[in-house]
Amino acid sequence: MTVGWKKTHALPIGIDLGSASLKMAQLRAAPLGSLSLVAAGRRNVPPGDEKAPDKRARFAAEAIRQLMSDLPFKGRRCILSLPAEVTFIQHIKMAKMSSEQLTGALQWELQGKLPYDPSRAIIRHVVAGEIYSDSEVKQEVIVLAANRAIIESHLNLLHRSKLDCVGINLQPCAIVECFARLFRREEDTAKATLFVDVGSASTQVVILNGGRMVFAKNLFVAGRQFDQAVAEGLKVRLEEAQRRRRDWAAGKPVDGSAQFAGFLNDPIRTLAAELTSCLRYYESVFPNRPVDRAVFLGGQAHDKQLCQTLAQRLSMPARIGDPLANIAHRDQADGDPRSAESGPDWAVAVGLSLGALVTKANARQPKEAVAL
């Protein structure tokens with residue numbers, strides 16, 4: 001995509017505050033739309049800190065400071081994603097109305113549905129499309145919300161880290177912005193793709209029609225449940241089960257690995273059932289646009305056997321996603337940061353940085369063409 005810049009342009013740094021790690025990635029855009037990676041790095045959350053907000057905040061501040069010091073990031077502008085556990089996503093069917101009217105109506109519609117008063121939330125929405133329901137044309141609306149106080153606490157964290165936050169995004173939207181650029185061909189606009197980002201604490205489910213988000217949901221069945229099942233089966237500590245399962249996924253010899261498939265059967269069955277429920281809901285809303293394929297992302301997507309098992313249970317062709325597809329391997333000015341940091345768990349961080357490019361391109365299009 002051409003955005004009209006006359007020289008290369010460093011995009012904001014994407015900061016993915018995951019439950020198991022903090023990841024930062026920054027891209028550079030060239031005049032004719034080519035992209036290269038400026039820098040990328042991660043720091044893993046110390047065991048036990050993931051459930052302690054104060055410790056998580058101290059860890060994040062120190063991790064950001066270290067990564068900014070150690071890696072060749074350009075500037076201090078950043079875009080942050082909120083952890084999945086503090087965000088709210090829900091699909092709502094609404095009567096047809098203008099965007100301004102819809103914004104006001106959602107405040108009333110969400111009364112009693114959020115875990116806090118809607119007046120205390122930052123609420124955004126995506127109109128997935130028009131549907132026919134209860135004998136009338138309605139809008140399928142994806143509501144994304146977060147508590148204002150939590151957002152302010154994260155902004156304070158970035159301020160203490162001396163970063164200039166130019167935006168806050170949610171993980172499903174970052175996934176869209178990471179991959180929508182790959183669905184520009186005419187034949188791609190007719191395809192529906194299921195993205196499954198399996199992290200440590202949650203699984204993000206996103207369905208795109210072409211490059212447009214039409215379904216999103218947080219599922220709280222993820223890596224921790226897999227590790228807990230192995231820990232209980234082997235009667236070892238959770239951290240030890242996590243290490244063994246990670247080594248097993250990497251093809252290393254691991255004590256007890258012959259029993260892993262049996263231990264993991266229940267949580268995998270639960271996750272597959274949740275994903276099937278998501279697909280059924282989507283197909284009830286968009287019956288003429290069946291999902292063609294699945295793309296697995298997140299830290300758990302390094303486990304190819306897990307992805308293959310889920311794909312088989314969904315009866316769907318699938319692959320492991322590459323967030324850095326069509327992004328130059330080498331930034332001539334800064335060496336090759338991609339060599340150490342790549343894989344399916346980088347979709348959110350990369351998408352956050354790319355979000356600035358998407359926003360600039362959308363600003364040049366008619367308003368009705370803007371998906372997000």
# chains A, B, ... in the order shown; residues from 1 in each chain; ligands from 1
>>> residues_around(residues="Asn169 (chain A)", least_positions_apart="3", cutoff="7 Å", atoms="only C-alpha atoms", output="PDB file with C-alpha atoms, in the first residue's frame")
ATOM      1  CA  LEU A  80       0.247  -0.456  23.724  1.00  0.00           C
ATOM      2  CA  SER A  81      -2.083  -3.446  23.884  1.00  0.00           C
ATOM      3  CA  LEU A  82      -4.012  -4.227  27.047  1.00  0.00           C
ATOM      4  CA  CYS A 173      -7.579  -5.439  16.581  1.00  0.00           C
ATOM      5  CA  ALA A 174      -3.783  -5.779  16.550  1.00  0.00           C
TER       6      ALA A 174
END
>>> residues_around(residues="Arg148 (chain A)", least_positions_apart="4", cutoff="7 Å", atoms="only C-alpha atoms", output="ChimeraX atom specification")
/A:120-122,152
>>> write_last_selection(atoms="C-alpha atoms", output="PDB file, in the first residue's frame")
ATOM      1  CA  ARG A 120     -16.289   4.046  33.723  1.00  0.00           C
ATOM      2  CA  ALA A 121     -15.275   2.317  30.491  1.00  0.00           C
ATOM      3  CA  ILE A 122     -13.634   3.260  27.240  1.00  0.00           C
ATOM      4  CA  GLU A 152      -4.876   5.172  32.944  1.00  0.00           C
TER       5      GLU A 152
END
>>> closest_residue(among="A:Ala10, A:Gly48, A:Ala250, A:Ser315", to="Arg77 (chain A)", atoms="only C-alpha atoms")
A:Ala10
>>> select_by_dssp(residues="region 93-336 of chain A", states="alpha helix (DSSP H)", output="VMD selection string")
chain A and resid 99 to 109 148 to 160 171 to 179 223 to 234 238 to 249 260 to 285 304 to 314
>>> select_by_dssp(residues="region 164-257 of chain A", states="strand (DSSP E or B)", output="ChimeraX atom specification")
/A:164-169,192-198,203-209,212-219
